[in-house]
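Undergrad: Dropping the structure in here first, questions after.
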Amino acid sequence: SDVYKRQTLGRVRELILAAERTRLPITRLIDRYVGYYTPLVLAVAAFVWFFTDDWSRVVAVLVVSCPCAIILATPTAMVAALSAGARLGILVKDVADLEAMARVDAVIFDKTGTLTSGQLGVARLAPAAGVTPSELVAVAAGAERFSNHPAARAIVRLAEETGMAVAEPADTHEEPGRGVRARLGTDEVLAGRAEWLRAHRIAEAALEQAETEQAADFSVIHIARAGRYLGWIGLQDEIRPEATPAIEELRAQGIRRVAMVTGDRPAAAARVAQAIGCAEFQAACLPAGKVEFVEAVRRARYRVAFIGDGVNDAPALAAADIGIAMGAAGSDVAIHSATIALMNNGLRRI
């Protein structure tokens with residue numbers, strides 16, 4: 001843990017130092033024209049001395065022409081802002097991005113791990129006929145053992161808490177936003193979205209029967225082994241208590257459009273959106289779908305900030321005008337894909 005802390009603090013230190021070396025657009029503009037401005041000021045000073053022969057007037061011209069406010073105040077304000085942000089756990093990679101945040105008028109949130117706690121828990125087990133709940137969990141946990149997705153962690157945690165022996169998977173392959181394919185013994189196991197299982201020729205009749213209103217309020221993982229459908233596992237996570245106040249504050253500060261995107265089913269997404277007061281949401285979004293939604297909002301002439309966890313949402317973070325990664329401590333992916341990194345999960349920091 002000490003090594004982990006040193007690595008994290010080292011990344012934070014490097015990020016702050018790199019940000020302090022960046023410059024605001026107005027500073028870069030001055031650097032571009034200083035080659036013309038300085039000779040012009042000196043020529044005007046020489047012109048005044050030639051016609052007045054009064055050195056006090058020449059000095060006055062030089063003093064008035066020096067842009068002290070920009071040269072002195074801008075770097076001071078920049079360092080003060082970066083330092084204040086760092087104390088709050090807000091790391092800005094380029095000070096120009098901090099300035100750009102003032103022009104943002106649309107904010108798009110990812111749901112899982114951002115508006116919700118991300119600590120999914122198994123809320124329902126729905127095994128198919130002839131399958132026991134313990135078999136369903138054991139197979140799912142074996143396939144998901146090496147995945148870092150919150151749903152996978154919840155299933156593995158349930159198996160460990162109930163004393164099940166989690167099998168060692170082989171040939172594990174994970175498709176972001178779709179599911180995991182792994183081999184347990186001689187059998188191929190699939191764990192993921194219903195359409196992903198259909199694409200692998202799992203019996204559609206069993207899947208259609210499983211996709212009933214009973215599963216509407218859950219994030220659902222469907223399980224199949226050796227071509228046989230085993231059932232589904234329903235998961236839920238808690239909405240962060242600061243989600244609603246954070247959205248209200250954003251609207252009060254002039255944010256004209258607030259939306260939520262998620263890979264969850266529409267019913268589960270609607271439940272969260274209604275609870276936090278977010279009228280606009282997109283459900284069943286793959287990572288590419290989140291990018292498309294961000295680009296669509298940008299085409300509508302909004303300046304967009306996307307807030308996500310920085311791992312599954314890296315493409316959307318990079319596609320937005322401003323990408324804000326929450327809970328970025330220890331995550332290289334979050335720090336590199338986002339323009340601003342929050343080292344904690346405090347939505348009020350936004």
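Chain labels A, B, ... are given in the sequence in which chains occur in the structure tokens; within each chain residues are numbered consecutively from 1, and ligands are likewise numbered from 1 in the order shown.
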How close does region 100-162 of chain A get to region 263-273 of chain A? List, as CSV, each residue of region 100-162 of chain A within 10 Å, its nearest atom pair and the distance in Å to one decimal, counting only C-alpha atoms.
TA:
residue,atom,partner,partner_atom,distance
A:Asp110,CA,A:Gly263,CA,9.0
A:Lys111,CA,A:Ala269,CA,8.1
A:Thr112,CA,A:Gly263,CA,8.7
A:Leu115,CA,A:Val272,CA,8.5
A:Thr116,CA,A:Val272,CA,8.4
Undergrad: Export, as a PDB file, in the first residue's frame, the selected residues with all heavy atoms.
TA:
ATOM      1  N   ASP A 110     -21.895   9.734 -17.025  1.00  0.00           N
ATOM      2  CA  ASP A 110     -22.066   8.290 -17.047  1.00  0.00           C
ATOM      3  C   ASP A 110     -22.820   7.912 -15.761  1.00  0.00           C
ATOM      4  O   ASP A 110     -22.763   8.643 -14.779  1.00  0.00           O
ATOM      5  CB  ASP A 110     -20.706   7.596 -17.093  1.00  0.00           C
ATOM      6  CG  ASP A 110     -20.839   6.092 -17.010  1.00  0.00           C
ATOM      7  OD1 ASP A 110     -21.578   5.521 -17.828  1.00  0.00           O
ATOM      8  OD2 ASP A 110     -20.226   5.493 -16.104  1.00  0.00           O
ATOM      9  N   LYS A 111     -23.518   6.794 -15.781  1.00  0.00           N
ATOM     10  CA  LYS A 111     -24.306   6.426 -14.608  1.00  0.00           C
ATOM     11  C   LYS A 111     -23.498   5.617 -13.594  1.00  0.00           C
ATOM     12  O   LYS A 111     -23.217   6.080 -12.487  1.00  0.00           O
ATOM     13  CB  LYS A 111     -25.559   5.634 -15.013  1.00  0.00           C
ATOM     14  CG  LYS A 111     -26.446   5.251 -13.817  1.00  0.00           C
ATOM     15  CD  LYS A 111     -27.653   4.456 -14.235  1.00  0.00           C
ATOM     16  CE  LYS A 111     -27.332   3.003 -14.482  1.00  0.00           C
ATOM     17  NZ  LYS A 111     -26.978   2.260 -13.235  1.00  0.00           N
ATOM     18  N   THR A 112     -23.099   4.416 -13.977  1.00  0.00           N
ATOM     19  CA  THR A 112     -22.473   3.508 -13.034  1.00  0.00           C
ATOM     20  C   THR A 112     -21.101   4.009 -12.607  1.00  0.00           C
ATOM     21  O   THR A 112     -20.235   4.266 -13.439  1.00  0.00           O
ATOM     22  CB  THR A 112     -22.336   2.101 -13.645  1.00  0.00           C
ATOM     23  OG1 THR A 112     -23.612   1.654 -14.080  1.00  0.00           O
ATOM     24  CG2 THR A 112     -21.778   1.125 -12.620  1.00  0.00           C
ATOM     25  N   LEU A 115     -22.842   8.728 -11.134  1.00  0.00           N
ATOM     26  CA  LEU A 115     -24.048   9.141 -10.429  1.00  0.00           C
ATOM     27  C   LEU A 115     -24.459   8.114  -9.377  1.00  0.00           C
ATOM     28  O   LEU A 115     -25.145   8.442  -8.415  1.00  0.00           O
ATOM     29  CB  LEU A 115     -25.190   9.348 -11.424  1.00  0.00           C
ATOM     30  CG  LEU A 115     -25.016  10.537 -12.380  1.00  0.00           C
ATOM     31  CD1 LEU A 115     -26.110  10.526 -13.438  1.00  0.00           C
ATOM     32  CD2 LEU A 115     -25.016  11.852 -11.621  1.00  0.00           C
ATOM     33  N   THR A 116     -24.042   6.893  -9.583  1.00  0.00           N
ATOM     34  CA  THR A 116     -24.274   5.851  -8.585  1.00  0.00           C
ATOM     35  C   THR A 116     -22.943   5.473  -7.945  1.00  0.00           C
ATOM     36  O   THR A 116     -21.878   5.839  -8.433  1.00  0.00           O
ATOM     37  CB  THR A 116     -24.933   4.615  -9.217  1.00  0.00           C
ATOM     38  OG1 THR A 116     -24.050   4.081 -10.224  1.00  0.00           O
ATOM     39  CG2 THR A 116     -26.258   4.976  -9.850  1.00  0.00           C
TER      40      THR A 116
END
Undergrad: Pick from A:Cys285, A:Ala159, A:Ala81, A:Ala86: nearest to Pro176 (chain A), with only C-alpha atoms counted?
TA: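 Smallest separation from Pro176 (chain A) among the options: A:Cys285.
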Undergrad: Restricting the calculation to only C-alpha atoms: of A:His149, A:Glu188, A:Ala167, A:Leu347, which residue gets closest to Thr244 (chain A)?
TA: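 Looking only at the distances to Thr244 (chain A), the closest residue turns out to be A:Leu347.
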Undergrad: Near region 252-259 of chain A, counting only C-alpha atoms, which residues have an atom at most 12 Å away, once you skip same-chain residues fewer than 4 positions from it, shown as JSON, numbers by chain?
TA: {"A": [101, 102, 103, 104, 105, 106, 107, 108, 109, 110, 111, 115, 244, 245, 246, 247, 248, 269, 270, 272, 273, 274, 276, 277, 278, 279, 280, 281, 282, 283, 290, 293, 294, 297, 298, 300, 301, 302, 303, 304, 305, 306, 307, 350]}
Undergrad: For the residues in that selection, give me N, CA and C atoms as a compact mmCIF listing (two decimals), in the first residue's frame.
TA:
# COMPACT_ATOMS: atom_id res chain seq x y z
N MET A 101 -13.62 25.54 -18.96
CA MET A 101 -14.78 25.09 -18.19
C MET A 101 -15.80 26.20 -18.01
N ALA A 102 -15.35 27.46 -18.05
CA ALA A 102 -16.28 28.58 -17.88
C ALA A 102 -17.25 28.68 -19.04
N ARG A 103 -16.89 28.09 -20.20
CA ARG A 103 -17.75 28.17 -21.38
C ARG A 103 -18.59 26.92 -21.60
N VAL A 104 -18.45 25.92 -20.73
CA VAL A 104 -19.23 24.69 -20.86
C VAL A 104 -20.71 24.98 -20.57
N ASP A 105 -21.59 24.49 -21.44
CA ASP A 105 -23.03 24.68 -21.21
C ASP A 105 -23.83 23.38 -21.31
N ALA A 106 -23.12 22.25 -21.44
CA ALA A 106 -23.78 20.94 -21.43
C ALA A 106 -22.91 19.95 -20.67
N VAL A 107 -23.53 19.18 -19.78
CA VAL A 107 -22.81 18.20 -18.98
C VAL A 107 -23.48 16.84 -19.17
N ILE A 108 -22.66 15.84 -19.51
CA ILE A 108 -23.16 14.48 -19.70
C ILE A 108 -22.49 13.58 -18.66
N PHE A 109 -23.31 12.87 -17.91
CA PHE A 109 -22.82 11.97 -16.87
C PHE A 109 -22.91 10.52 -17.34
N ASP A 110 -21.90 9.73 -17.02
CA ASP A 110 -22.07 8.29 -17.05
C ASP A 110 -22.82 7.91 -15.76
N LYS A 111 -23.52 6.79 -15.78
CA LYS A 111 -24.31 6.43 -14.61
C LYS A 111 -23.50 5.62 -13.59
N LEU A 115 -22.84 8.73 -11.13
CA LEU A 115 -24.05 9.14 -10.43
C LEU A 115 -24.46 8.11 -9.38
N THR A 244 -28.30 14.50 -6.86
CA THR A 244 -29.37 15.48 -7.13
C THR A 244 -28.92 16.91 -6.83
N PRO A 245 -28.31 17.20 -5.65
CA PRO A 245 -27.84 18.57 -5.42
C PRO A 245 -26.80 19.03 -6.44
N ALA A 246 -25.94 18.13 -6.89
CA ALA A 246 -24.92 18.51 -7.86
C ALA A 246 -25.54 18.93 -9.18
N ILE A 247 -26.55 18.18 -9.64
CA ILE A 247 -27.22 18.53 -10.89
C ILE A 247 -27.97 19.84 -10.75
N GLU A 248 -28.62 20.06 -9.60
CA GLU A 248 -29.33 21.32 -9.38
C GLU A 248 -28.36 22.50 -9.39
N ALA A 269 -32.24 2.56 -16.20
CA ALA A 269 -31.76 3.93 -16.41
C ALA A 269 -32.83 4.95 -16.05
N ALA A 270 -34.09 4.66 -16.42
CA ALA A 270 -35.18 5.58 -16.12
C ALA A 270 -35.38 5.74 -14.62
N VAL A 272 -33.07 5.61 -12.25
CA VAL A 272 -32.04 6.51 -11.73
C VAL A 272 -32.28 7.94 -12.20
N ALA A 273 -32.60 8.10 -13.48
CA ALA A 273 -32.81 9.45 -14.03
C ALA A 273 -33.95 10.17 -13.32
N GLN A 274 -35.03 9.46 -13.04
CA GLN A 274 -36.16 10.07 -12.35
C GLN A 274 -35.78 10.45 -10.92
N ILE A 276 -32.87 11.36 -9.72
CA ILE A 276 -31.94 12.49 -9.61
C ILE A 276 -32.44 13.73 -10.34
N GLY A 277 -33.59 13.63 -11.02
CA GLY A 277 -34.14 14.79 -11.71
C GLY A 277 -33.45 15.10 -13.03
N CYS A 278 -33.01 14.05 -13.74
CA CYS A 278 -32.35 14.23 -15.04
C CYS A 278 -33.32 13.75 -16.12
N ALA A 279 -33.91 14.68 -16.85
CA ALA A 279 -34.96 14.33 -17.81
C ALA A 279 -34.41 13.62 -19.05
N GLU A 280 -33.17 13.92 -19.42
CA GLU A 280 -32.61 13.36 -20.66
C GLU A 280 -31.63 12.24 -20.33
N PHE A 281 -31.84 11.07 -20.93
CA PHE A 281 -30.90 9.97 -20.72
C PHE A 281 -30.91 9.05 -21.93
N GLN A 282 -29.79 8.34 -22.11
CA GLN A 282 -29.65 7.34 -23.16
C GLN A 282 -29.27 6.02 -22.50
N ALA A 283 -30.05 4.97 -22.73
CA ALA A 283 -29.79 3.67 -22.13
C ALA A 283 -29.25 2.70 -23.18
N LYS A 290 -21.82 5.98 -26.49
CA LYS A 290 -21.60 7.15 -25.65
C LYS A 290 -20.83 8.23 -26.42
N PHE A 293 -23.22 9.94 -28.79
CA PHE A 293 -24.11 10.88 -28.11
C PHE A 293 -23.37 12.17 -27.79
N VAL A 294 -22.14 12.07 -27.30
CA VAL A 294 -21.33 13.26 -27.02
C VAL A 294 -21.15 14.09 -28.29
N VAL A 297 -24.34 15.97 -29.28
CA VAL A 297 -24.57 17.17 -28.47
C VAL A 297 -23.62 18.29 -28.91
N ARG A 298 -22.39 17.95 -29.24
CA ARG A 298 -21.44 18.97 -29.72
C ARG A 298 -21.90 19.55 -31.06
N ALA A 300 -24.82 20.03 -31.91
CA ALA A 300 -25.93 20.95 -31.61
C ALA A 300 -25.43 22.26 -31.03
N ARG A 301 -24.12 22.52 -31.17
CA ARG A 301 -23.49 23.77 -30.76
C ARG A 301 -23.45 23.96 -29.24
N TYR A 302 -23.25 22.86 -28.53
CA TYR A 302 -22.99 22.93 -27.10
C TYR A 302 -21.50 22.67 -26.86
N ARG A 303 -20.98 23.27 -25.79
CA ARG A 303 -19.65 22.91 -25.32
C ARG A 303 -19.83 21.90 -24.19
N VAL A 304 -19.31 20.71 -24.39
CA VAL A 304 -19.70 19.55 -23.58
C VAL A 304 -18.60 19.14 -22.61
N ALA A 305 -19.01 18.89 -21.38
CA ALA A 305 -18.15 18.23 -20.39
C ALA A 305 -18.74 16.86 -20.12
N PHE A 306 -17.91 15.82 -20.23
CA PHE A 306 -18.36 14.45 -19.95
C PHE A 306 -17.71 14.00 -18.65
N ILE A 307 -18.53 13.43 -17.75
CA ILE A 307 -18.03 12.97 -16.46
C ILE A 307 -18.22 11.46 -16.40
N ILE A 350 -17.36 18.99 -9.05
CA ILE A 350 -17.54 19.43 -10.43
C ILE A 350 -17.98 20.89 -10.48
Undergrad: When you look at region 133-143 of chain A with a cut-off of 8 Å (counting only C-alpha atoms), what residues show up, excluding the ones that are within fewer than 5 positions of it in the same chain? I need them as a ChimeraX atom specification.
TA: /A:125-127,152,155-156,158-159,164-169,172,180-184,189-191,223,225,230-232
